[in-house]
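Undergrad: Next up, coords-v1.cif (mmCIF, C-alpha atoms).
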data_target
loop_
_atom_site.label_atom_id
_atom_site.label_comp_id
_atom_site.auth_asym_id
_atom_site.auth_seq_id
_atom_site.Cartn_x
_atom_site.Cartn_y
_atom_site.Cartn_z
CA MET C 1 -52.56 -39.52 25.80
CA SER C 2 -49.72 -37.15 25.25
CA VAL C 3 -46.82 -38.10 23.01
CA PHE C 4 -44.71 -37.53 26.10
CA GLY C 5 -46.66 -40.16 28.04
CA GLU C 6 -49.52 -40.12 30.52
CA GLY C 7 -49.85 -37.34 33.00
CA THR C 8 -47.58 -34.95 31.17
CA ALA C 9 -50.14 -32.51 29.75
CA THR C 10 -48.62 -29.65 31.76
CA SER C 11 -45.15 -30.45 30.45
CA THR C 12 -46.51 -30.64 26.92
CA HIS C 13 -48.12 -27.22 27.18
CA ALA C 14 -44.94 -25.77 28.62
CA PHE C 15 -42.93 -27.25 25.76
CA ALA C 16 -45.40 -25.87 23.21
CA ARG C 17 -45.10 -22.38 24.75
CA LEU C 18 -41.30 -22.72 24.56
CA LEU C 19 -41.52 -23.50 20.83
CA VAL C 20 -43.74 -20.48 20.25
CA TYR C 21 -41.30 -18.27 22.16
CA VAL C 22 -38.27 -19.56 20.22
CA ALA C 23 -40.08 -19.09 16.89
CA ALA C 24 -40.96 -15.52 17.85
CA GLN C 25 -37.36 -14.75 18.75
CA TYR C 26 -35.88 -16.32 15.62
CA LYS C 27 -35.15 -13.92 12.81
CA PRO C 28 -33.64 -15.55 9.73
CA ARG C 29 -30.35 -14.02 8.58
CA ARG C 30 -31.00 -11.73 5.63
CA SER C 31 -28.61 -10.70 2.95
CA ARG C 32 -26.70 -7.58 3.94
CA GLU C 33 -27.10 -6.19 0.44
CA LYS C 34 -28.25 -2.74 1.52
CA ASP C 35 -25.36 -2.34 3.95
CA ILE C 36 -22.79 -3.65 1.46
CA PHE C 37 -23.74 -1.49 -1.51
CA GLY C 38 -24.17 1.49 0.79
CA LEU C 39 -20.48 1.39 1.72
CA PRO C 40 -18.27 4.31 0.63
CA ASN C 41 -16.46 3.46 -2.59
CA GLU C 42 -13.00 3.18 -1.00
CA THR C 43 -14.30 0.91 1.79
CA PHE C 44 -16.04 -1.22 -0.82
CA ARG C 45 -12.77 -1.48 -2.79
CA GLN C 46 -10.81 -2.48 0.31
CA ASN C 47 -13.31 -5.23 1.13
CA PHE C 48 -13.94 -6.64 -2.34
CA ARG C 49 -10.80 -5.55 -4.25
CA VAL C 50 -12.86 -3.75 -6.90
CA THR C 51 -14.57 -0.37 -6.99
CA LYS C 52 -18.35 -0.19 -7.23
CA ASP C 53 -18.13 0.82 -10.90
CA GLN C 54 -15.85 -2.13 -11.61
CA PHE C 55 -18.24 -4.43 -9.75
CA TRP C 56 -21.23 -3.40 -11.85
CA GLU C 57 -19.15 -3.62 -15.01
CA LEU C 58 -18.05 -7.14 -14.05
CA LEU C 59 -21.63 -8.19 -13.32
CA ASP C 60 -22.73 -6.83 -16.70
CA VAL C 61 -19.95 -8.74 -18.48
CA ILE C 62 -20.63 -12.11 -16.83
CA SER C 63 -24.45 -11.94 -16.81
CA PRO C 64 -24.83 -13.64 -20.24
CA HIS C 65 -22.75 -16.55 -18.92
CA LEU C 66 -24.67 -17.07 -15.67
CA PRO C 67 -27.09 -20.01 -15.38
CA LYS C 68 -30.73 -19.57 -14.55
CA ARG C 69 -31.39 -20.00 -10.84
CA PRO C 70 -35.10 -20.78 -10.36
CA GLY C 71 -36.43 -21.05 -6.84
CA THR C 72 -34.09 -18.54 -5.23
CA ASP C 73 -34.72 -14.94 -4.23
CA VAL C 74 -31.01 -14.11 -3.80
CA PRO C 75 -30.06 -11.87 -6.73
CA ASP C 76 -26.95 -12.42 -8.85
CA ARG C 77 -25.31 -9.29 -7.47
CA VAL C 78 -25.37 -10.70 -3.93
CA VAL C 79 -23.92 -14.06 -4.97
CA LEU C 80 -21.17 -12.26 -6.90
CA VAL C 81 -20.32 -10.00 -3.98
CA GLY C 82 -20.07 -13.09 -1.75
CA LEU C 83 -17.72 -14.76 -4.22
CA LEU C 84 -15.53 -11.65 -4.42
CA TRP C 85 -15.44 -11.52 -0.62
CA MET C 86 -14.17 -15.09 -0.51
CA PHE C 87 -11.58 -14.33 -3.21
CA ALA C 88 -10.44 -11.16 -1.44
CA HIS C 89 -10.06 -12.68 2.03
CA GLY C 90 -9.35 -16.35 1.30
CA CYS C 91 -12.04 -17.27 3.81
CA SER C 92 -14.41 -20.19 4.34
CA LEU C 93 -18.03 -20.41 3.22
CA GLN C 94 -19.04 -20.05 6.86
CA ALA C 95 -17.23 -16.70 6.96
CA VAL C 96 -19.03 -15.64 3.78
CA GLN C 97 -22.35 -16.57 5.39
CA PHE C 98 -21.55 -14.52 8.48
CA SER C 99 -20.22 -11.49 6.59
CA ILE C 100 -22.48 -11.34 3.54
CA GLY C 101 -25.62 -13.04 4.86
CA ILE C 102 -26.07 -15.83 2.30
CA SER C 103 -26.13 -19.47 3.36
CA LYS C 104 -23.26 -21.90 2.96
CA SER C 105 -25.43 -24.13 0.79
CA MET C 106 -26.17 -21.18 -1.49
CA CYS C 107 -22.46 -20.47 -1.76
CA SER C 108 -21.41 -24.05 -2.46
CA THR C 109 -24.19 -24.46 -5.04
CA HIS C 110 -23.66 -21.26 -7.04
CA PHE C 111 -20.06 -20.10 -6.52
CA PRO C 112 -18.59 -22.58 -9.06
CA ALA C 113 -20.95 -21.40 -11.79
CA PHE C 114 -20.22 -17.74 -11.03
CA ALA C 115 -16.47 -18.38 -11.05
CA LYS C 116 -16.78 -20.08 -14.46
CA ALA C 117 -18.85 -17.14 -15.71
CA ILE C 118 -16.04 -14.77 -14.71
CA ILE C 119 -13.55 -16.88 -16.69
CA ASP C 120 -15.86 -17.09 -19.72
CA GLY C 121 -16.77 -13.40 -19.58
CA LEU C 122 -13.19 -12.18 -19.27
CA ASP C 123 -11.60 -14.51 -21.82
CA ASN C 124 -10.55 -11.52 -23.92
CA ILE C 125 -7.83 -10.45 -21.45
CA SER C 126 -4.63 -10.08 -23.46
CA PHE C 127 -1.61 -7.89 -24.10
CA PRO C 128 -2.38 -4.90 -26.33
CA THR C 129 -1.80 -4.94 -30.08
CA GLY C 130 -1.89 -2.40 -32.89
CA GLU C 131 -2.91 1.10 -31.87
CA GLU C 132 -3.63 0.00 -28.32
CA LEU C 133 -0.03 -1.22 -28.03
CA LYS C 134 1.31 2.14 -29.23
CA GLU C 135 -0.88 3.97 -26.72
CA GLU C 136 0.25 1.69 -23.89
CA GLN C 137 3.91 2.24 -24.77
CA ARG C 138 3.29 6.00 -24.88
CA ARG C 139 1.96 5.92 -21.29
CA TRP C 140 5.00 4.05 -20.01
CA ALA C 141 7.39 6.30 -21.97
CA GLN C 142 6.51 9.25 -19.72
CA ASP C 143 9.64 8.03 -17.92
CA ASP C 144 12.47 7.95 -20.48
CA PHE C 145 14.01 4.70 -19.23
CA LEU C 146 10.65 2.91 -19.67
CA GLU C 147 10.32 3.52 -23.39
CA GLY C 148 9.17 0.21 -24.88
CA CYS C 149 7.64 -1.08 -21.64
CA VAL C 150 4.10 -2.52 -21.87
CA THR C 151 3.41 -4.22 -18.54
CA ALA C 152 4.33 -4.79 -14.89
CA ALA C 153 4.09 -8.33 -13.52
CA ASP C 154 3.97 -9.72 -9.99
CA GLY C 155 2.89 -12.84 -8.16
CA VAL C 156 0.17 -13.06 -5.52
CA HIS C 157 -0.65 -16.02 -3.29
CA ILE C 158 -4.32 -17.04 -3.36
CA ARG C 159 -5.35 -19.46 -0.61
CA TYR C 160 -6.09 -22.86 -2.11
CA THR C 161 -6.98 -26.29 -0.73
CA PRO C 162 -5.69 -29.02 -3.09
CA THR C 163 -7.98 -31.97 -3.77
CA THR C 164 -5.21 -34.35 -4.90
CA ASN C 165 -3.57 -36.72 -2.44
CA GLY C 166 0.12 -37.17 -1.88
CA HIS C 167 1.50 -33.80 -2.95
CA GLU C 168 -0.31 -31.34 -0.69
CA GLU C 169 2.91 -29.82 0.66
CA ARG C 170 3.82 -28.53 -2.79
CA TRP C 171 1.05 -26.00 -2.35
CA ARG C 172 2.44 -24.63 0.92
CA ASN C 173 4.18 -21.30 0.33
CA ARG C 174 7.01 -19.67 2.28
CA LYS C 175 4.44 -17.86 4.43
CA GLY C 176 3.17 -21.18 5.73
CA PHE C 177 -0.27 -21.54 4.14
CA LYS C 178 -1.39 -23.52 1.08
CA SER C 179 -1.95 -21.43 -2.01
CA GLN C 180 -1.65 -21.00 -5.73
CA ASN C 181 1.03 -18.58 -6.90
CA VAL C 182 -0.94 -16.50 -9.38
CA LEU C 183 1.03 -14.22 -11.68
CA VAL C 184 -0.71 -11.08 -12.91
CA CYS C 185 0.42 -8.64 -15.61
CA ALA C 186 -1.02 -5.13 -15.40
CA SER C 187 -1.02 -2.11 -17.69
CA PHE C 188 0.13 1.40 -16.78
CA ASP C 189 -3.39 2.24 -15.56
CA ARG C 190 -3.71 -1.04 -13.60
CA GLN C 191 -5.83 -2.97 -16.11
CA ILE C 192 -5.18 -6.73 -16.12
CA GLN C 193 -3.48 -7.89 -19.32
CA HIS C 194 -2.56 -11.50 -18.55
CA VAL C 195 -3.03 -14.01 -15.71
CA VAL C 196 -1.16 -17.25 -15.02
CA VAL C 197 -2.92 -19.67 -12.63
CA GLY C 198 -2.40 -23.24 -11.44
CA CYS C 199 1.15 -23.09 -10.02
CA GLU C 200 1.78 -24.46 -6.52
CA GLY C 201 2.38 -22.03 -3.68
CA SER C 202 5.94 -23.27 -3.32
CA CYS C 203 6.69 -22.27 -6.92
CA HIS C 204 9.02 -19.27 -7.35
CA ASP C 205 7.76 -16.29 -9.39
CA ALA C 206 10.50 -16.81 -11.98
CA SER C 207 9.48 -20.46 -12.31
CA VAL C 208 5.89 -19.40 -12.95
CA VAL C 209 7.14 -17.15 -15.76
CA ALA C 210 9.12 -20.02 -17.24
CA THR C 211 6.31 -22.57 -16.86
CA ALA C 212 3.84 -20.30 -18.64
CA ASP C 213 6.42 -19.22 -21.26
CA LEU C 214 5.28 -15.70 -20.41
CA THR C 215 8.24 -13.92 -21.97
CA SER C 216 7.31 -15.13 -25.45
CA LYS C 217 3.82 -13.70 -25.01
CA LEU C 218 5.09 -10.11 -24.63
CA PRO C 219 4.43 -8.00 -27.74
CA GLU C 220 7.42 -8.02 -30.09
CA GLY C 221 9.97 -5.30 -29.41
CA SER C 222 8.66 -4.58 -25.89
CA PHE C 223 9.58 -5.50 -22.32
CA GLY C 224 7.99 -5.69 -18.88
CA LEU C 225 8.81 -4.73 -15.28
CA PHE C 226 9.40 -7.31 -12.58
CA ASP C 227 10.82 -7.31 -9.06
CA ALA C 228 14.10 -8.89 -7.95
CA ALA C 229 12.51 -12.35 -7.99
CA MET C 230 13.01 -12.52 -11.76
CA ARG C 231 16.07 -14.44 -12.91
CA LEU C 232 18.48 -12.43 -15.03
CA THR C 233 18.41 -15.20 -17.64
CA HIS C 234 14.87 -14.08 -18.50
CA LYS C 235 15.49 -11.36 -21.07
CA ARG C 236 12.92 -8.64 -21.81
CA TRP C 237 12.16 -8.08 -18.12
CA LEU C 238 13.54 -4.96 -16.41
CA THR C 239 14.40 -5.65 -12.77
CA PRO C 240 16.17 -3.76 -9.94
CA ILE C 241 19.97 -3.87 -9.89
CA ARG C 242 21.13 -6.80 -7.75
CA GLY C 243 23.06 -6.07 -4.56
CA VAL C 244 21.61 -2.55 -4.30
CA THR C 245 18.75 -1.44 -2.05
CA TYR C 246 15.41 -1.60 -3.84
CA HIS C 247 12.72 -1.94 -1.14
CA LEU C 248 10.67 1.26 -1.03
CA ASP C 249 10.27 1.07 2.77
CA THR C 250 14.06 1.16 3.12
CA PHE C 251 14.30 4.25 0.92
CA LYS C 252 11.60 5.92 2.99
CA SER C 253 13.36 5.24 6.27
CA ARG C 254 16.66 6.54 4.86
CA GLY C 255 15.22 9.69 3.32
CA GLY C 256 15.45 8.52 -0.28
CA PRO C 257 17.97 6.89 -2.65
CA GLN C 258 21.64 7.80 -2.18
CA SER C 259 23.31 6.82 -5.50
CA ASP C 260 22.60 6.51 -9.21
CA GLU C 261 22.00 2.77 -8.83
CA GLU C 262 19.58 3.35 -5.95
CA ILE C 263 17.77 6.05 -7.95
CA PHE C 264 17.31 3.53 -10.76
CA ASN C 265 16.02 0.88 -8.34
CA TYR C 266 13.71 3.41 -6.72
CA MET C 267 12.22 4.40 -10.08
CA VAL C 268 11.79 0.78 -11.19
CA GLY C 269 10.39 -0.30 -7.81
CA SER C 270 7.96 2.60 -7.37
CA THR C 271 6.61 2.22 -10.92
CA HIS C 272 6.26 -1.55 -10.51
CA VAL C 273 4.45 -1.26 -7.19
CA GLY C 274 2.23 1.54 -8.49
CA CYS C 275 0.94 -0.64 -11.32
CA THR C 276 0.64 -3.99 -9.54
#
Would you mind writing the file out in structure tokens?

TA:
Amino acid sequence: MSVFGEGTATSTHAFARLLVYVAAQYKPRRSREKDIFGLPNETFRQNFRVTKDQFWELLDVISPHLPKRPGTDVPDRVVLVGLLWMFAHGCSLQAVQFSIGISKSMCSTHFPAFAKAIIDGLDNISFPTGEELKEEQRRWAQDDFLEGCVTAADGVHIRYTPTTNGHEERWRNRKGFKSQNVLVCASFDRQIQHVVVGCEGSCHDASVVATADLTSKLPEGSFGLFDAAMRLTHKRWLTPIRGVTYHLDTFKSRGGPQSDEEIFNYMVGSTHVGCT
């Protein structure tokens, strides 16, 4: 007797043939590792926010902090590239699965450990001191008015879904989505020197600086660049002159700065944007 009942042998055979056909057509999604690492360097940077050299350097730095992952044939480099994709695009695990080719369960299981490894591996990020500080100041001093400068800081909104109840709207930024306002300080050659995380998306850049007491962390006798979001009460930060054009797109549409004040704002703005 068939499991489908008496007299259904023909139906059973047809169903069995259907299963065989479906199994033959099914091809499990494979990691797109070959395609990803075969991308031109600039395309890779645009997709993952790091160059290939920086990716391999990052993997080398965090490898000692990664846990053993028995029972999986997905290499660390593929998990890391999936995590960077999620960071770069603020997307869901389903989007990572579709774009990178690793399962959602793989992502949810291993992404937290890889994120912690990044934090542990890069815990030496700091403002320069000693001879490194002198060299950093020398780079900035190529422009006379930047003598003594050591960093350029700016905020970036990273998509974030809060797990706490009752205060979710604090995380909604002025662009309408929930995020953390992450403040990053960068050197003249775009190396990260300091990062401030944990502030709600609704938090103003200047408030992030105050909350983290960032000004006191600047090397003694130096200053940093910031955009017009910085309050003038925060000393040791060079900002554009208030009430004067400072957006680079405006200068471009007008054929360049038209006054001494606009020239100053253009120089501050272009240097700040170039580093951050």

Undergrad: List every residue of range 131-219 of chain C that has an atom at most 8 Å from any atom of range 104-125 of chain C, giving for each one its closest atom pair and the distance in Å to one decimal, counting all atoms listed in the file, sorted by chain and then by ascending residue number, as a tab-separated table.

TA:
residue	atom	partner	partner_atom	distance
C:Ile192	CA	C:Ile125	CA	7.0
C:Gln193	CA	C:Ile125	CA	5.5
C:His194	CA	C:Ile125	CA	6.1

Undergrad: Point out the residue among C:Tyr266, C:Asp213, C:Leu225, C:Val50 with the least atom-to-atom distance to Thr245 in chain C, counting only C-alpha atoms.

TA: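 Smallest separation from Thr245 in chain C among the options: C:Tyr266.
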
Undergrad: Would you please work out which residue, of C:Phe127, C:Val195, C:Arg45, C:Phe145, is nearest to Phe264 in chain C when using all atoms listed in the file?

TA: C:Phe145

Undergrad: Determine the residue set returned by the PyMOL selection byres ((chain C and resi 164-181) around 12) for the present structure, and present it as a compact mmCIF listing (two decimals) with C-alpha atoms, in the coordinates of the input.

TA:
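As written to disk, part-v6.txt reads:
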# COMPACT_ATOMS: atom_id res chain seq x y z
CA GLY C 90 -9.35 -16.35 1.30
CA ASP C 154 3.97 -9.72 -9.99
CA GLY C 155 2.89 -12.84 -8.16
CA VAL C 156 0.17 -13.06 -5.52
CA HIS C 157 -0.65 -16.02 -3.29
CA ILE C 158 -4.32 -17.04 -3.36
CA ARG C 159 -5.35 -19.46 -0.61
CA TYR C 160 -6.09 -22.86 -2.11
CA THR C 161 -6.98 -26.29 -0.73
CA PRO C 162 -5.69 -29.02 -3.09
CA THR C 163 -7.98 -31.97 -3.77
CA VAL C 182 -0.94 -16.50 -9.38
CA LEU C 183 1.03 -14.22 -11.68
CA VAL C 184 -0.71 -11.08 -12.91
CA VAL C 195 -3.03 -14.01 -15.71
CA VAL C 196 -1.16 -17.25 -15.02
CA VAL C 197 -2.92 -19.67 -12.63
CA GLY C 198 -2.40 -23.24 -11.44
CA CYS C 199 1.15 -23.09 -10.02
CA GLU C 200 1.78 -24.46 -6.52
CA GLY C 201 2.38 -22.03 -3.68
CA SER C 202 5.94 -23.27 -3.32
CA CYS C 203 6.69 -22.27 -6.92
CA HIS C 204 9.02 -19.27 -7.35
CA ASP C 205 7.76 -16.29 -9.39
CA ALA C 206 10.50 -16.81 -11.98
CA SER C 207 9.48 -20.46 -12.31
CA VAL C 208 5.89 -19.40 -12.95
CA VAL C 209 7.14 -17.15 -15.76
CA THR C 211 6.31 -22.57 -16.86

Undergrad: Please determine the residues with any atom at most 10 Å from (14.7, -1.8, -6.3) (coordinates as given in the file, with all atoms listed in the file counting) and report them as a PyMOL selection string.

TA: chain C and resi 226-228+239-248+250-251+257+261-270+272

Undergrad: For the residues selected in the previous step, produce a file with C-alpha atoms as a PDB file, in the frame of the given file.

TA:
ATOM      1  CA  PHE C 226       9.400  -7.310 -12.580  1.00  0.00           C
ATOM      2  CA  ASP C 227      10.820  -7.310  -9.060  1.00  0.00           C
ATOM      3  CA  ALA C 228      14.100  -8.890  -7.950  1.00  0.00           C
ATOM      4  CA  THR C 239      14.400  -5.650 -12.770  1.00  0.00           C
ATOM      5  CA  PRO C 240      16.170  -3.760  -9.940  1.00  0.00           C
ATOM      6  CA  ILE C 241      19.970  -3.870  -9.890  1.00  0.00           C
ATOM      7  CA  ARG C 242      21.130  -6.800  -7.750  1.00  0.00           C
ATOM      8  CA  GLY C 243      23.060  -6.070  -4.560  1.00  0.00           C
ATOM      9  CA  VAL C 244      21.610  -2.550  -4.300  1.00  0.00           C
ATOM     10  CA  THR C 245      18.750  -1.440  -2.050  1.00  0.00           C
ATOM     11  CA  TYR C 246      15.410  -1.600  -3.840  1.00  0.00           C
ATOM     12  CA  HIS C 247      12.720  -1.940  -1.140  1.00  0.00           C
ATOM     13  CA  LEU C 248      10.670   1.260  -1.030  1.00  0.00           C
ATOM     14  CA  THR C 250      14.060   1.160   3.120  1.00  0.00           C
ATOM     15  CA  PHE C 251      14.300   4.250   0.920  1.00  0.00           C
ATOM     16  CA  PRO C 257      17.970   6.890  -2.650  1.00  0.00           C
ATOM     17  CA  GLU C 261      22.000   2.770  -8.830  1.00  0.00           C
ATOM     18  CA  GLU C 262      19.580   3.350  -5.950  1.00  0.00           C
ATOM     19  CA  ILE C 263      17.770   6.050  -7.950  1.00  0.00           C
ATOM     20  CA  PHE C 264      17.310   3.530 -10.760  1.00  0.00           C
ATOM     21  CA  ASN C 265      16.020   0.880  -8.340  1.00  0.00           C
ATOM     22  CA  TYR C 266      13.710   3.410  -6.720  1.00  0.00           C
ATOM     23  CA  MET C 267      12.220   4.400 -10.080  1.00  0.00           C
ATOM     24  CA  VAL C 268      11.790   0.780 -11.190  1.00  0.00           C
ATOM     25  CA  GLY C 269      10.390  -0.300  -7.810  1.00  0.00           C
ATOM     26  CA  SER C 270       7.960   2.600  -7.370  1.00  0.00           C
ATOM     27  CA  HIS C 272       6.260  -1.550 -10.510  1.00  0.00           C
TER      28      HIS C 272
END

Undergrad: From (-16.6, -8.5, 8.2), in the file's coordinates, out to 10 Å: which residues are reached, counting only C-alpha atoms? Answer as a list in words.

TA: Asn47, Trp85, His89, Ala95, Val96, Phe98, Ser99 and Ile100 of chain C

Undergrad: Using C-alpha atoms, can you write the selected residues to a file as a tab-separated table (two decimals), in the coordinates of the input?

TA:
chain	number	residue	atom	x	y	z
C	47	ASN	CA	-13.31	-5.23	1.13
C	85	TRP	CA	-15.44	-11.52	-0.62
C	89	HIS	CA	-10.06	-12.68	2.03
C	95	ALA	CA	-17.23	-16.70	6.96
C	96	VAL	CA	-19.03	-15.64	3.78
C	98	PHE	CA	-21.55	-14.52	8.48
C	99	SER	CA	-20.22	-11.49	6.59
C	100	ILE	CA	-22.48	-11.34	3.54

Undergrad: Which distance in Å separates CA of Glu136 in chain C and CA of Val150 in chain C, to one decimal?

TA: 6.1 Å

Undergrad: Interatomic distance between CA of Val74 in chain C and CA of Glu57 in chain C?

TA: 19.4 Å

Undergrad: Would you mind reading off the distance between CA of Gly130 in chain C and CA of Trp237 in chain C, one decimal, in Å?

TA: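 According to the coordinates, CA of Gly130 in chain C and CA of Trp237 in chain C are separated by 21.2 Å.
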
Undergrad: Box time for range 175-189 of chain C: axis-aligned, enclosing all its listed atoms, 8 Å extra on each side; report centre and edge lengths in Å to one decimal, as JSON.

TA:
{"center_x": 0.5, "center_y": -10.6, "center_z": -6.0, "size_x": 23.8, "size_y": 41.8, "size_z": 39.4}

Undergrad: Write out as a VMD selection string which residues come within 10 Å of Gly148 in chain C when counting all atoms listed in the file, dropping same-chain ones fewer than 5 positions away.

TA: chain C and resid 133 to 134 136 to 141 219 to 224

Undergrad: Could you state which residues are captured by the PyMOL selection byres ((chain C and resi 37) around 12) in this file, as a PDB file with C-alpha atoms, in the frame of the given file?

TA:
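Writing done, so here's expr00.pdb:
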ATOM      1  CA  SER C  31     -28.610 -10.700   2.950  1.00  0.00           C
ATOM      2  CA  ARG C  32     -26.700  -7.580   3.940  1.00  0.00           C
ATOM      3  CA  GLU C  33     -27.100  -6.190   0.440  1.00  0.00           C
ATOM      4  CA  LYS C  34     -28.250  -2.740   1.520  1.00  0.00           C
ATOM      5  CA  ASP C  35     -25.360  -2.340   3.950  1.00  0.00           C
ATOM      6  CA  ILE C  36     -22.790  -3.650   1.460  1.00  0.00           C
ATOM      7  CA  GLY C  38     -24.170   1.490   0.790  1.00  0.00           C
ATOM      8  CA  LEU C  39     -20.480   1.390   1.720  1.00  0.00           C
ATOM      9  CA  PRO C  40     -18.270   4.310   0.630  1.00  0.00           C
ATOM     10  CA  ASN C  41     -16.460   3.460  -2.590  1.00  0.00           C
ATOM     11  CA  GLU C  42     -13.000   3.180  -1.000  1.00  0.00           C
ATOM     12  CA  THR C  43     -14.300   0.910   1.790  1.00  0.00           C
ATOM     13  CA  PHE C  44     -16.040  -1.220  -0.820  1.00  0.00           C
ATOM     14  CA  ARG C  45     -12.770  -1.480  -2.790  1.00  0.00           C
ATOM     15  CA  ASN C  47     -13.310  -5.230   1.130  1.00  0.00           C
ATOM     16  CA  PHE C  48     -13.940  -6.640  -2.340  1.00  0.00           C
ATOM     17  CA  THR C  51     -14.570  -0.370  -6.990  1.00  0.00           C
ATOM     18  CA  LYS C  52     -18.350  -0.190  -7.230  1.00  0.00           C
ATOM     19  CA  ASP C  53     -18.130   0.820 -10.900  1.00  0.00           C
ATOM     20  CA  PHE C  55     -18.240  -4.430  -9.750  1.00  0.00           C
ATOM     21  CA  TRP C  56     -21.230  -3.400 -11.850  1.00  0.00           C
ATOM     22  CA  ARG C  77     -25.310  -9.290  -7.470  1.00  0.00           C
ATOM     23  CA  VAL C  78     -25.370 -10.700  -3.930  1.00  0.00           C
ATOM     24  CA  VAL C  81     -20.320 -10.000  -3.980  1.00  0.00           C
ATOM     25  CA  ILE C 100     -22.480 -11.340   3.540  1.00  0.00           C
TER      26      ILE C 100
END

Undergrad: Counting all atoms listed in the file, which residue out of C:Ala210, C:Leu146, C:Leu80, C:Cys185 sits closest to Arg231 in chain C?

TA: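 Ranked by minimum distance to Arg231 in chain C, first place goes to C:Ala210.
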
Undergrad: Nearest to Pro128 in chain C: which of C:Lys68, C:Lys217, C:Arg49, C:Arg254 is it, counting only C-alpha atoms?

TA: C:Lys217

Undergrad: Pick out the closest residue to Ala88 in chain C from this set: C:Phe188, C:Ser216, C:Ala153, C:Gln46. Count all atoms listed in the file.

TA: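 Of C:Phe188, C:Ser216, C:Ala153, C:Gln46, the one nearest Ala88 in chain C is C:Gln46, counting all atoms listed in the file.
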